[in-house]
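*Asks:* Dropping in final39.cif, which is mmCIF, C-alpha atoms and all ligand atoms:
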data_query
#
loop_
_atom_site.label_atom_id
_atom_site.label_comp_id
_atom_site.auth_asym_id
_atom_site.auth_seq_id
_atom_site.Cartn_x
_atom_site.Cartn_y
_atom_site.Cartn_z
CA MET A 243 0.00 0.00 0.00
CA ASP A 244 2.85 2.36 0.79
CA GLU A 245 4.19 1.92 -2.66
CA LYS A 246 0.82 2.86 -4.06
CA LEU A 247 0.68 5.97 -1.92
CA THR A 248 4.00 7.18 -3.14
CA GLN A 249 2.86 6.70 -6.71
CA ARG A 250 0.06 9.15 -6.28
CA SER A 251 0.91 12.69 -7.02
CA VAL A 252 0.44 15.22 -4.33
CA TRP A 253 -2.43 16.73 -6.26
CA GLU A 254 -4.25 13.46 -6.31
CA LYS A 255 -3.86 13.20 -2.56
CA ILE A 256 -5.22 16.66 -2.04
CA ALA A 257 -8.10 15.98 -4.38
CA ALA A 258 -8.91 12.79 -2.52
CA LYS A 259 -8.79 14.61 0.82
CA LEU A 260 -11.28 17.15 -0.45
CA SER A 261 -13.61 14.95 -2.42
CA LYS A 262 -13.99 12.29 0.24
CA ARG A 263 -15.96 14.75 2.37
CA SER A 264 -18.20 15.88 -0.42
CA LEU A 265 -19.97 12.90 -1.90
CA TRP A 266 -23.27 13.10 -3.67
CA MET A 267 -25.32 9.99 -3.69
CA LEU A 268 -27.74 8.90 -6.36
CA HIS A 269 -29.96 6.31 -4.74
CA TYR A 270 -31.48 3.93 -7.20
CA CYS A 271 -34.34 2.69 -5.07
CA THR A 272 -35.62 -0.40 -6.79
CA GLY A 273 -35.63 -2.89 -3.96
CA CYS A 274 -37.32 -3.07 -0.59
CA GLY A 275 -34.13 -1.97 1.16
CA ALA A 276 -34.77 1.58 0.06
CA ILE A 277 -36.95 1.98 3.12
CA GLU A 278 -33.79 2.17 5.22
CA LEU A 279 -32.58 5.25 3.40
CA PRO A 280 -34.91 7.93 4.82
CA PRO A 281 -33.67 7.36 8.39
CA THR A 282 -30.11 7.29 7.06
CA MET A 283 -30.53 10.61 5.36
CA THR A 284 -32.53 12.40 7.99
CA ALA A 285 -32.05 13.44 11.59
CA ARG A 286 -31.83 10.04 13.23
CA PHE A 287 -28.66 8.81 11.52
CA ASP A 288 -27.90 11.92 9.50
CA MET A 289 -25.39 10.92 6.88
CA GLU A 290 -24.76 14.55 6.05
CA ARG A 291 -22.34 14.69 8.96
CA PHE A 292 -20.05 12.62 6.72
CA GLY A 293 -20.56 14.98 3.83
CA ILE A 294 -22.89 12.69 1.92
CA ASN A 295 -26.07 14.10 0.51
CA PRO A 296 -28.64 12.83 -1.93
CA MET A 297 -28.43 14.03 -5.51
CA VAL A 298 -31.15 13.77 -8.07
CA THR A 299 -29.24 13.45 -11.32
CA PRO A 300 -26.62 10.92 -12.37
CA ARG A 301 -24.32 13.48 -13.92
CA GLN A 302 -23.71 15.30 -10.66
CA ALA A 303 -23.52 12.22 -8.47
CA ASP A 304 -20.49 10.38 -7.13
CA ILE A 305 -22.12 7.40 -5.48
CA LEU A 306 -24.62 5.13 -7.15
CA LEU A 307 -26.44 3.25 -4.44
CA ILE A 308 -28.33 0.23 -5.72
CA THR A 309 -30.80 -0.77 -3.06
CA GLY A 310 -31.59 -4.37 -3.69
CA TYR A 311 -32.87 -6.51 -6.50
CA LEU A 312 -32.81 -5.33 -10.07
CA SER A 313 -34.98 -6.87 -12.68
CA VAL A 314 -33.31 -7.28 -16.05
CA LYS A 315 -35.37 -4.38 -17.29
CA THR A 316 -34.21 -2.03 -14.53
CA LEU A 317 -30.67 -3.29 -14.83
CA LYS A 318 -30.58 -1.86 -18.30
CA ARG A 319 -31.54 1.55 -16.93
CA VAL A 320 -28.94 1.23 -14.22
CA VAL A 321 -26.21 0.52 -16.76
CA LEU A 322 -27.22 3.57 -18.75
CA THR A 323 -27.34 5.66 -15.58
CA TYR A 324 -23.95 4.42 -14.53
CA GLU A 325 -22.40 5.25 -17.87
CA GLN A 326 -23.73 8.79 -17.65
CA MET A 327 -22.09 9.46 -14.32
CA GLN A 328 -18.88 11.41 -14.29
CA ALA A 329 -15.77 9.67 -13.06
CA PRO A 330 -14.69 9.04 -10.38
CA LYS A 331 -17.84 7.17 -9.50
CA TYR A 332 -18.52 4.60 -6.83
CA VAL A 333 -21.17 1.93 -6.90
CA VAL A 334 -22.42 0.62 -3.60
CA GLY A 335 -24.37 -2.62 -3.78
CA PHE A 336 -26.90 -2.66 -0.99
CA GLY A 337 -28.41 -5.88 0.32
CA SER A 338 -28.05 -9.55 -0.43
CA CYS A 339 -29.95 -9.22 -3.67
CA THR A 340 -27.14 -7.32 -5.33
CA ILE A 341 -24.56 -9.79 -4.04
CA ASN A 342 -26.01 -13.09 -5.10
CA GLY A 343 -29.66 -12.70 -5.88
CA GLY A 344 -30.75 -12.79 -2.24
CA MET A 345 -34.14 -14.30 -1.73
CA TYR A 346 -34.86 -13.89 -5.42
CA TRP A 347 -32.06 -16.26 -6.32
CA ASN A 348 -34.39 -18.49 -8.33
CA SER A 349 -36.32 -15.75 -10.09
CA TYR A 350 -36.22 -15.61 -13.86
CA ALA A 351 -36.47 -11.84 -13.89
CA THR A 352 -33.79 -10.49 -11.55
CA MET A 353 -30.06 -10.29 -12.04
CA LYS A 354 -27.89 -12.15 -9.57
CA SER A 355 -24.55 -10.46 -9.07
CA LEU A 356 -24.31 -6.80 -9.80
CA ASP A 357 -20.56 -6.73 -10.34
CA ARG A 358 -20.94 -8.72 -13.52
CA TYR A 359 -22.54 -5.68 -15.14
CA ILE A 360 -20.97 -2.67 -13.50
CA PRO A 361 -17.96 -2.53 -11.19
CA VAL A 362 -18.98 -2.35 -7.54
CA GLU A 363 -16.92 -0.51 -4.97
CA THR A 364 -18.44 -1.87 -1.76
CA TYR A 365 -21.20 -4.24 -0.90
CA ILE A 366 -23.40 -4.08 2.14
CA ALA A 367 -24.56 -7.51 3.22
CA GLY A 368 -27.90 -8.05 4.88
CA CYS A 369 -31.52 -8.31 4.01
CA MET A 370 -32.09 -5.50 4.59
CA PRO A 371 -29.06 -3.71 6.03
CA ARG A 372 -29.72 -1.30 8.86
CA PRO A 373 -28.75 2.38 8.58
CA GLU A 374 -25.73 1.66 10.79
CA ALA A 375 -24.48 -0.72 8.12
CA ILE A 376 -25.01 1.87 5.41
CA ILE A 377 -23.12 4.50 7.40
CA HIS A 378 -20.39 1.97 8.08
CA SER A 379 -19.97 1.18 4.41
CA PHE A 380 -19.89 4.88 3.54
CA ASN A 381 -17.15 5.34 6.07
CA GLU A 382 -15.27 2.48 4.47
CA LEU A 383 -15.75 4.13 1.13
CA ILE A 384 -14.47 7.44 2.45
CA ALA A 385 -11.40 5.73 3.88
CA LYS A 386 -10.84 3.96 0.59
CA ILE A 387 -11.04 7.20 -1.36
CA ASP A 388 -8.59 8.74 1.05
CA ARG A 389 -6.16 5.87 0.54
CA GLY A 390 -6.59 6.18 -3.20
CA GLU A 391 -7.95 2.65 -3.52
CA ALA A 392 -11.47 3.38 -4.67
CA ASN A 393 -10.61 2.77 -8.27
CA SER A 394 -13.11 0.18 -9.34
CA TRP A 395 -14.67 2.62 -11.79
CA LYS A 396 -11.50 2.37 -13.86
CA ASP A 397 -12.23 -1.28 -14.22
CA TYR A 398 -15.24 -0.49 -16.35
CA TYR A 399 -13.01 1.24 -18.87
CA LYS A 400 -10.26 -1.34 -18.62
CA ASN A 401 -12.43 -4.43 -18.86
CA TYR A 402 -15.30 -3.01 -20.83
CA ASP A 403 -15.47 -6.08 -23.02
CA PHE A 404 -16.14 -8.29 -20.02
CA TYR A 405 -18.98 -6.10 -18.75
CA ARG A 406 -20.38 -5.62 -22.19
CA LYS A 407 -20.39 -9.35 -22.80
CA ASN A 408 -22.32 -10.02 -19.60
CA GLN A 409 -24.75 -7.22 -20.36
CA GLU A 410 -25.42 -8.53 -23.81
CA HIS A 411 -25.88 -12.04 -22.51
CA THR A 412 -28.47 -10.92 -19.98
CA PHE A 413 -30.23 -8.43 -22.22
CA GLU A 414 -30.09 -10.91 -25.09
CA GLY A 415 -28.67 -8.42 -27.50
CA PRO A 416 -26.72 -5.19 -27.57
CA ILE A 417 -28.05 -2.23 -25.65
CA GLU A 418 -28.13 1.25 -26.97
CA THR A 419 -25.66 3.29 -24.96
CA TYR A 420 -25.06 6.99 -25.30
CA ASN A 421 -21.49 6.92 -24.15
CA ASP A 422 -18.48 5.82 -26.11
CA ILE A 423 -16.70 3.95 -23.36
CA LYS A 424 -13.64 3.16 -25.44
CA ALA A 425 -13.13 6.82 -26.32
CA ASP A 426 -13.62 7.82 -22.69
CA ALA A 427 -11.01 5.27 -21.68
CA ALA A 428 -8.50 6.93 -23.99
CA LEU A 429 -9.44 10.26 -22.45
CA PHE A 430 -8.75 8.94 -18.94
CA ARG A 431 -5.56 7.31 -20.27
CA ILE A 432 -6.71 3.93 -19.01
CA MET B 27 -82.47 -15.81 5.50
CA GLU B 28 -78.75 -16.27 5.15
CA TYR B 29 -77.21 -14.66 2.06
CA ALA B 30 -80.51 -13.08 1.06
CA LYS B 31 -78.84 -10.36 -0.96
CA GLU B 32 -76.50 -12.74 -2.71
CA ASN B 33 -79.26 -15.19 -3.53
CA SER B 34 -81.49 -12.51 -4.99
CA ILE B 35 -78.64 -11.43 -7.26
CA ILE B 36 -78.07 -15.00 -8.33
CA GLU B 37 -81.75 -15.46 -9.04
CA MET B 38 -81.76 -12.38 -11.21
CA MET B 39 -78.76 -13.61 -13.19
CA GLN B 40 -79.81 -17.20 -13.40
CA THR B 41 -82.92 -16.39 -15.42
CA GLU B 42 -80.77 -15.02 -18.21
CA PHE B 43 -77.95 -17.51 -17.88
CA PRO B 44 -79.56 -20.85 -17.11
CA GLU B 45 -76.45 -22.75 -18.16
CA ALA B 46 -74.22 -20.92 -15.68
CA HIS B 47 -73.48 -22.41 -12.31
CA PHE B 48 -73.70 -19.99 -9.39
CA THR B 49 -72.42 -20.49 -5.85
CA VAL B 50 -72.21 -18.15 -2.90
CA LYS B 51 -68.65 -18.48 -1.62
CA LYS B 52 -69.25 -16.36 1.45
CA GLU B 53 -70.82 -13.08 2.35
CA ARG B 54 -70.79 -10.72 -0.66
CA ARG B 55 -68.75 -13.12 -2.77
CA ILE B 56 -70.42 -14.97 -5.64
CA GLU B 57 -68.72 -17.42 -7.94
CA VAL B 58 -70.10 -18.28 -11.33
CA LYS B 59 -68.82 -20.89 -13.76
CA MET B 60 -70.00 -20.72 -17.33
CA PRO B 61 -69.12 -21.90 -20.82
CA SER B 62 -66.49 -19.60 -22.31
CA GLY B 63 -68.78 -18.53 -25.18
CA ARG B 64 -71.19 -16.82 -22.80
CA LEU B 65 -68.66 -14.65 -21.00
CA TYR B 66 -68.92 -11.66 -23.30
CA ASP B 67 -72.71 -11.54 -23.02
CA PHE B 68 -72.39 -11.88 -19.31
CA ALA B 69 -69.93 -8.99 -19.15
CA VAL B 70 -72.25 -6.79 -21.21
CA ARG B 71 -75.17 -7.55 -18.90
CA MET B 72 -72.99 -6.96 -15.87
CA GLN B 73 -72.03 -3.50 -17.00
CA LYS B 74 -75.14 -2.26 -18.75
CA LYS B 75 -77.92 -3.90 -16.82
CA TRP B 76 -76.87 -5.15 -13.40
CA ASN B 77 -74.77 -2.19 -12.47
CA PHE B 78 -71.49 -3.97 -11.85
CA LEU B 79 -69.48 -0.97 -12.92
CA HIS B 80 -66.06 -1.94 -11.80
CA LEU B 81 -63.89 -4.63 -13.33
CA SER B 82 -61.39 -5.19 -10.53
CA ALA B 83 -59.15 -7.67 -12.25
CA ILE B 84 -58.81 -10.47 -14.71
CA SER B 85 -56.71 -13.33 -13.50
CA CYS B 86 -55.55 -16.52 -15.07
CA VAL B 87 -54.92 -19.98 -13.66
CA ASP B 88 -52.93 -22.62 -15.48
CA TRP B 89 -54.58 -26.02 -14.96
CA ILE B 90 -51.84 -27.88 -16.71
CA ASP B 91 -53.16 -31.38 -15.92
CA ASP B 92 -56.56 -30.55 -17.39
CA GLY B 93 -54.92 -28.88 -20.38
CA GLU B 94 -56.90 -25.72 -19.70
CA PHE B 95 -56.50 -22.12 -18.69
CA GLU B 96 -59.04 -20.65 -16.33
CA LEU B 97 -59.79 -16.97 -16.71
CA VAL B 98 -61.38 -15.28 -13.72
CA TYR B 99 -63.17 -11.97 -14.17
CA HIS B 100 -63.85 -10.03 -11.00
CA PHE B 101 -66.81 -7.67 -11.19
CA TRP B 102 -67.70 -5.30 -8.38
CA ASN B 103 -70.98 -3.59 -7.66
CA TYR B 104 -70.62 -0.36 -5.71
CA ASP B 105 -74.25 -0.19 -4.59
CA GLU B 106 -74.69 -3.76 -3.45
CA LYS B 107 -71.05 -4.14 -2.48
CA VAL B 108 -70.91 -7.57 -4.04
CA LEU B 109 -68.08 -9.16 -5.96
CA VAL B 110 -68.89 -11.61 -8.72
CA MET B 111 -66.14 -13.91 -9.96
CA ALA B 112 -66.94 -15.24 -13.41
CA LYS B 113 -64.83 -18.26 -14.25
CA ILE B 114 -64.42 -19.74 -17.67
CA ARG B 115 -62.06 -22.31 -19.09
CA ILE B 116 -60.32 -22.24 -22.44
CA PRO B 117 -58.09 -24.88 -24.03
CA ARG B 118 -54.41 -24.57 -23.26
CA GLU B 119 -52.18 -24.57 -26.30
CA GLU B 120 -48.80 -26.18 -25.75
CA GLU B 121 -47.17 -24.26 -28.58
CA GLY B 122 -48.01 -20.63 -29.15
CA ASP B 123 -50.86 -18.63 -27.75
CA SER B 124 -54.27 -19.69 -26.59
CA HIS B 125 -57.02 -17.40 -27.82
CA PHE B 126 -59.97 -15.72 -26.23
CA GLU B 127 -62.10 -12.68 -26.97
CA THR B 128 -61.38 -9.33 -25.41
CA ILE B 129 -63.71 -7.31 -23.23
CA SER B 130 -61.56 -4.20 -23.50
CA ASN B 131 -64.26 -2.40 -25.49
CA LEU B 132 -66.43 -2.58 -22.39
CA TRP B 133 -63.81 -1.72 -19.79
CA GLN B 134 -60.69 0.21 -20.76
CA PRO B 135 -58.64 -1.19 -17.85
CA ALA B 136 -59.17 -4.66 -19.25
CA LYS B 137 -56.50 -3.79 -21.80
CA PHE B 138 -53.84 -3.85 -19.14
CA PHE B 139 -55.07 -7.05 -17.55
CA GLU B 140 -55.20 -8.73 -20.94
CA ARG B 141 -51.75 -7.58 -21.96
CA ASP B 142 -50.43 -8.83 -18.66
CA ILE B 143 -52.08 -12.23 -19.07
CA HIS B 144 -50.80 -12.42 -22.61
CA GLU B 145 -47.16 -12.05 -21.66
CA MET B 146 -47.37 -14.06 -18.46
CA PHE B 147 -49.50 -16.98 -19.68
CA GLY B 148 -49.63 -16.71 -23.43
CA VAL B 149 -53.35 -16.10 -23.85
CA TYR B 150 -54.02 -13.82 -26.79
CA PHE B 151 -57.15 -11.69 -26.60
CA ASP B 152 -58.59 -11.30 -30.07
CA GLY B 153 -60.06 -7.95 -30.94
CA SER B 154 -58.06 -5.90 -28.46
CA GLU B 155 -56.47 -2.94 -30.16
CA ASP B 156 -53.23 -3.17 -28.23
CA MET B 157 -51.64 -6.46 -27.27
CA GLU B 158 -48.10 -5.16 -27.02
CA ARG B 159 -45.84 -6.36 -24.25
CA PHE B 160 -46.55 -4.70 -20.96
CA ILE B 161 -43.97 -5.41 -18.28
CA LEU B 162 -41.69 -8.04 -19.77
CA THR B 163 -40.77 -5.86 -22.71
CA ASP B 164 -37.49 -7.65 -23.43
CA TRP B 165 -38.49 -11.16 -22.52
CA THR B 166 -37.94 -13.71 -25.28
CA GLY B 167 -38.52 -16.94 -23.37
CA PRO B 168 -41.79 -18.82 -22.90
CA PRO B 169 -44.55 -17.14 -20.85
CA PRO B 170 -43.05 -17.39 -17.38
CA MET B 171 -46.22 -17.97 -15.35
CA ARG B 172 -47.07 -21.18 -17.16
CA LYS B 173 -46.68 -24.15 -14.90
CA ASP B 174 -44.29 -25.91 -17.25
CA PHE B 175 -41.81 -23.04 -17.10
CA ILE B 176 -39.44 -23.98 -14.27
CA THR B 177 -38.09 -20.65 -13.12
CA ARG B 178 -35.36 -22.15 -10.92
CA GLU B 179 -33.99 -24.20 -13.78
CA PHE B 180 -34.02 -21.19 -16.08
CA ALA B 181 -32.31 -18.95 -13.54
CA LEU B 182 -29.60 -21.49 -12.75
CA ASN B 183 -28.79 -21.94 -16.42
CA PHE B 184 -29.06 -18.33 -17.47
CA TYR B 185 -27.50 -16.30 -14.66
CA HIS B 186 -24.09 -16.37 -13.16
CA TYR B 187 -23.89 -17.06 -9.45
CA ARG B 188 -21.05 -16.12 -7.19
CA GLU B 189 -19.19 -19.03 -5.64
CA TYR B 190 -19.64 -18.81 -1.92
CA GLU B 191 -18.52 -21.73 0.22
CA PRO B 192 -17.17 -20.33 3.48
CA GLN B 193 -15.85 -22.64 6.16
CA TRP B 194 -18.68 -21.94 8.60
CA LEU B 195 -21.20 -23.00 6.01
CA LYS B 196 -19.33 -26.24 5.32
CA ASP B 197 -19.12 -26.96 9.03
CA MET B 198 -22.79 -26.28 9.44
CA MET B 199 -23.75 -28.58 6.61
CA ALA B 200 -21.38 -31.28 7.84
CA ALA B 201 -23.21 -31.09 11.15
CA GLY B 202 -26.41 -31.75 9.26
CA GLU B 203 -27.94 -28.30 9.55
CA GLY B 204 -29.54 -26.36 6.79
CA ASN B 205 -31.36 -27.96 3.90
CA GLU B 206 -29.75 -29.74 1.00
S1 LIG A 501 -31.69 -7.83 -0.02
FE1 LIG A 501 -33.62 -8.22 1.05
S2 LIG A 501 -34.37 -6.17 1.61
FE2 LIG A 501 -32.84 -5.92 0.01
S3 LIG A 501 -33.97 -5.87 -1.93
FE3 LIG A 501 -33.31 -7.98 -1.57
S4 LIG A 501 -35.04 -8.96 -0.54
FE4 LIG A 501 -35.32 -6.74 -0.36
#
Can you present the structure in this file as structure tokens?

*Replies:*
Amino acid sequence: MDEKLTQRSVWEKIAAKLSKRSLWMLHYCTGCGAIELPPTMTARFDMERFGINPMVTPRQADILLITGYLSVKTLKRVVLTYEQMQAPKYVVGFGSCTINGGMYWNSYATMKSLDRYIPVETYIAGCMPRPEAIIHSFNELIAKIDRGEANSWKDYYKNYDFYRKNQEHTFEGPIETYNDIKADAALFRI
Amino acid sequence: MEYAKENSIIEMMQTEFPEAHFTVKKERRIEVKMPSGRLYDFAVRMQKKWNFLHLSAISCVDWIDDGEFELVYHFWNYDEKVLVMAKIRIPREEEGDSHFETISNLWQPAKFFERDIHEMFGVYFDGSEDMERFILTDWTGPPPMRKDFITREFALNFYHYREYEPQWLKDMMAAGEGNE
């Protein structure tokens, strides 16, 4: 880890220090776990004390919180939403459903592991996770950003073929995306 | 008399539909089984004459052993507060869609119920102006609510599952806990 730290330029470290305390979260509330978000956001658990606030548009958001199961149809929207977000972007998979299908493991309509389709930064286990768990995972995320390890979003540009292949398998055909991922990768020098 | 209201409704309907079979399921719930050809007439009478203004739902049951689909139409009367469930059976096609006539010209909401039944069970409603896919817009497989579609089998073949065999789980299963 030390080696990694020394590789980062001082500007990157400063940027990480600043951005870790100003995270905007786009909560994609598809699953039942979304019910745990209002207490997390509001006075009881108050995630704003960590500098995290909800954001309504993907383009201005840093965190994409997927709360639970995604049907194949919603997954398509999530992929498009994710591609629209500006890097660096962090996906937090919330609940067992995003990890391995959860209690919908034998459903024909829901996807099973989210990280086959978009790179996931942290997972929160539980069905459903309590606000404490959400806050805990956000703190982990903040620490990771500070250490310069929250780089899973680069994986999407690096291994786009892998993600694309899984997406096409599940959607049974190519999806219409509005972003040229390969060109973006060149832009980020990835 | 018990079920006086329900019985008077049945009496009124029975005169026009002698071939239908009426039963009072419980208070304010009437079941009627009839030949499928009479359903449309029945629906017209329900709406225009007997004041059952609300079509709550259309549901479908797959009786795979009988080779039949059962369509259940739920009609609600706001004044009497009675629900009538009209049940009909249509032949179940193994390949392709089964067919039945639409009642969407009587009730607009029937369009949605019929589209839903079409994609979930594969029953095509002839005469409806819109039988596009409703919820499963991208689905290419067989209608998933049919009894011969094994959703577990499909999911296990189609999706990728994460390997997860931690030691505590192995220990637990070795001790004979958990199923399978
Ligand atoms: S993990 Fe549990 S609470 Fe969360 S979406 Fe799935 S079933 Fe619902």

*Asks:* List the neighbours of A:Asn342 out to 8 Å using all atoms listed in the file; skip same-chain residues closer than 2 positions along the sequence, and give me the result as a list in words.

*Replies:* Ser338, Cys339, Thr340, Gly344, Trp347, Lys354 and Ser355 of chain A; Tyr187 and Arg188 of chain B

*Asks:* Go ahead and save the picked residues with C-alpha atoms, as a compact mmCIF listing (two decimals), keeping the file's coordinate frame.

*Replies:*
# COMPACT_ATOMS: atom_id res chain seq x y z
CA SER A 338 -28.05 -9.55 -0.43
CA CYS A 339 -29.95 -9.22 -3.67
CA THR A 340 -27.14 -7.32 -5.33
CA GLY A 344 -30.75 -12.79 -2.24
CA TRP A 347 -32.06 -16.26 -6.32
CA LYS A 354 -27.89 -12.15 -9.57
CA SER A 355 -24.55 -10.46 -9.07
CA TYR B 187 -23.89 -17.06 -9.45
CA ARG B 188 -21.05 -16.12 -7.19

*Asks:* Each residue of chain A with at least one atom at most 12 Å from chain B should appear once, together with its nearest atom pair and the corresponding distance in Å (one decimal); atoms considered: only C-alpha atoms; ordering: chain, then increasing residue number; output as a tab-separated table.

*Replies:*
residue	atom	partner	partner_atom	distance
A:Ser313	CA	B:Leu162	CA	9.8
A:Val314	CA	B:Asp164	CA	8.5
A:Lys315	CA	B:Asp164	CA	7.3
A:Thr316	CA	B:Leu162	CA	10.9
A:Leu317	CA	B:Asp164	CA	11.8
A:Lys318	CA	B:Asp164	CA	10.4
A:Ser338	CA	B:Arg188	CA	11.7
A:Cys339	CA	B:Tyr187	CA	11.5
A:Thr340	CA	B:Arg188	CA	10.9
A:Ile341	CA	B:Arg188	CA	7.9
A:Asn342	CA	B:Arg188	CA	6.2
A:Gly343	CA	B:Tyr187	CA	8.1
A:Gly344	CA	B:Tyr187	CA	10.8
A:Tyr346	CA	B:Ala181	CA	9.9
A:Trp347	CA	B:Ala181	CA	7.7
A:Asn348	CA	B:Arg178	CA	4.6
A:Ser349	CA	B:Thr177	CA	6.0
A:Tyr350	CA	B:Ala181	CA	5.2
A:Ala351	CA	B:Ala181	CA	8.2
A:Thr352	CA	B:Ala181	CA	8.8
A:Met353	CA	B:Tyr185	CA	7.0
A:Lys354	CA	B:Tyr187	CA	6.3
A:Ser355	CA	B:Tyr187	CA	6.6
A:Leu356	CA	B:His186	CA	10.1
A:Asp357	CA	B:Arg188	CA	9.9
A:Arg358	CA	B:His186	CA	8.3
A:Tyr359	CA	B:His186	CA	11.0
A:Asn408	CA	B:His186	CA	9.2
A:Gln409	CA	B:Tyr185	CA	11.1
A:His411	CA	B:Phe184	CA	8.7
A:Thr412	CA	B:Tyr185	CA	7.6
A:Phe413	CA	B:Asp164	CA	7.4
A:Glu414	CA	B:Asp164	CA	8.3
A:Gly415	CA	B:Asp164	CA	9.7
A:Pro416	CA	B:Asp164	CA	11.8
A:Ile417	CA	B:Asp164	CA	11.1

*Asks:* Save the residues we just selected, C-alpha atoms, as a PDB file, in the frame of the given file?

*Replies:*
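That gives us again_1.pdb:
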ATOM      1  CA  SER A 313     -34.980  -6.870 -12.680  1.00  0.00           C
ATOM      2  CA  VAL A 314     -33.310  -7.280 -16.050  1.00  0.00           C
ATOM      3  CA  LYS A 315     -35.370  -4.380 -17.290  1.00  0.00           C
ATOM      4  CA  THR A 316     -34.210  -2.030 -14.530  1.00  0.00           C
ATOM      5  CA  LEU A 317     -30.670  -3.290 -14.830  1.00  0.00           C
ATOM      6  CA  LYS A 318     -30.580  -1.860 -18.300  1.00  0.00           C
ATOM      7  CA  SER A 338     -28.050  -9.550  -0.430  1.00  0.00           C
ATOM      8  CA  CYS A 339     -29.950  -9.220  -3.670  1.00  0.00           C
ATOM      9  CA  THR A 340     -27.140  -7.320  -5.330  1.00  0.00           C
ATOM     10  CA  ILE A 341     -24.560  -9.790  -4.040  1.00  0.00           C
ATOM     11  CA  ASN A 342     -26.010 -13.090  -5.100  1.00  0.00           C
ATOM     12  CA  GLY A 343     -29.660 -12.700  -5.880  1.00  0.00           C
ATOM     13  CA  GLY A 344     -30.750 -12.790  -2.240  1.00  0.00           C
ATOM     14  CA  TYR A 346     -34.860 -13.890  -5.420  1.00  0.00           C
ATOM     15  CA  TRP A 347     -32.060 -16.260  -6.320  1.00  0.00           C
ATOM     16  CA  ASN A 348     -34.390 -18.490  -8.330  1.00  0.00           C
ATOM     17  CA  SER A 349     -36.320 -15.750 -10.090  1.00  0.00           C
ATOM     18  CA  TYR A 350     -36.220 -15.610 -13.860  1.00  0.00           C
ATOM     19  CA  ALA A 351     -36.470 -11.840 -13.890  1.00  0.00           C
ATOM     20  CA  THR A 352     -33.790 -10.490 -11.550  1.00  0.00           C
ATOM     21  CA  MET A 353     -30.060 -10.290 -12.040  1.00  0.00           C
ATOM     22  CA  LYS A 354     -27.890 -12.150  -9.570  1.00  0.00           C
ATOM     23  CA  SER A 355     -24.550 -10.460  -9.070  1.00  0.00           C
ATOM     24  CA  LEU A 356     -24.310  -6.800  -9.800  1.00  0.00           C
ATOM     25  CA  ASP A 357     -20.560  -6.730 -10.340  1.00  0.00           C
ATOM     26  CA  ARG A 358     -20.940  -8.720 -13.520  1.00  0.00           C
ATOM     27  CA  TYR A 359     -22.540  -5.680 -15.140  1.00  0.00           C
ATOM     28  CA  ASN A 408     -22.320 -10.020 -19.600  1.00  0.00           C
ATOM     29  CA  GLN A 409     -24.750  -7.220 -20.360  1.00  0.00           C
ATOM     30  CA  HIS A 411     -25.880 -12.040 -22.510  1.00  0.00           C
ATOM     31  CA  THR A 412     -28.470 -10.920 -19.980  1.00  0.00           C
ATOM     32  CA  PHE A 413     -30.230  -8.430 -22.220  1.00  0.00           C
ATOM     33  CA  GLU A 414     -30.090 -10.910 -25.090  1.00  0.00           C
ATOM     34  CA  GLY A 415     -28.670  -8.420 -27.500  1.00  0.00           C
ATOM     35  CA  PRO A 416     -26.720  -5.190 -27.570  1.00  0.00           C
ATOM     36  CA  ILE A 417     -28.050  -2.230 -25.650  1.00  0.00           C
TER      37      ILE A 417
END

*Asks:* Please give me, as a VMD selection string, the residues lying within 9 Å of ligand LIG 501 (chain A) when counting all atoms listed in the file.

*Replies:* chain A and resid 272 to 277 309 to 312 336 to 341 343 to 346 367 to 371

*Asks:* To one decimal place, how far is atom CA of A:Pro373 from atom CA of A:Pro281 in Å?

*Replies:*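 That distance, rounded to one decimal, is 7.0 Å.
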
*Asks:* How far is it from atom CA of B:Tyr29 to atom CA of B:Lys52, in Å with one decimal?

*Replies:*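 Between atom CA of B:Tyr29 and atom CA of B:Lys52 the gap works out to 8.2 Å.
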
*Asks:* Quick one: pull the distance between atom CA of A:Ile423 and atom CA of A:Arg406, Å, one decimal.

*Replies:*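 For atom CA of A:Ile423 relative to atom CA of A:Arg406, the distance reads 10.3 Å.
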
*Asks:* Would you compute, for all listed atoms of stretch 29-46 of chain B, the axis-aligned bounding box grown by 5 Å on each side, and then report its centre and edge lengths in Å rounded to one decimal, as AutoDock Vina command-line options?

*Replies:*
--center_x -78.6 --center_y -16.6 --center_z -8.1 --size_x 18.7 --size_y 22.4 --size_z 30.3

*Asks:* Would you pick out the contacts of A:Val298 at 10 Å or less, using all atoms listed in the file, so that residues sharing its chain but fewer than 6 positions from it are not included, and give the list as number ranges by chain?

*Replies:* A: 266-270

*Asks:* Given only C-alpha atoms as the basis, pick out the residue of A:Tyr324, A:Phe287, A:Trp395, A:Phe404 nearest to A:Asn421.

*Replies:*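 Distance minimum relative to A:Asn421 lands on A:Tyr324.
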
*Asks:* In the coordinates of the file, take the point (-27.3, 15.2, 0.1) and a cut-off of 8 Å; then, counting all atoms listed in the file, name each qualifying protein, DNA or RNA residue as an MDAnalysis selection string.

*Replies:* chainID A and resid 265:267 283 290 293:297

*Asks:* Write the residues you've just listed into a file as an mmCIF file, keeping the file's coordinate frame, and include C-alpha atoms for each of them.

*Replies:*
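Final output, saved to again39.cif:
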data_model
loop_
_atom_site.group_PDB
_atom_site.id
_atom_site.type_symbol
_atom_site.label_atom_id
_atom_site.label_comp_id
_atom_site.auth_asym_id
_atom_site.auth_seq_id
_atom_site.Cartn_x
_atom_site.Cartn_y
_atom_site.Cartn_z
ATOM 1 C CA LEU A 265 -19.970 12.900 -1.900
ATOM 2 C CA TRP A 266 -23.270 13.100 -3.670
ATOM 3 C CA MET A 267 -25.320 9.990 -3.690
ATOM 4 C CA MET A 283 -30.530 10.610 5.360
ATOM 5 C CA GLU A 290 -24.760 14.550 6.050
ATOM 6 C CA GLY A 293 -20.560 14.980 3.830
ATOM 7 C CA ILE A 294 -22.890 12.690 1.920
ATOM 8 C CA ASN A 295 -26.070 14.100 0.510
ATOM 9 C CA PRO A 296 -28.640 12.830 -1.930
ATOM 10 C CA MET A 297 -28.430 14.030 -5.510
#
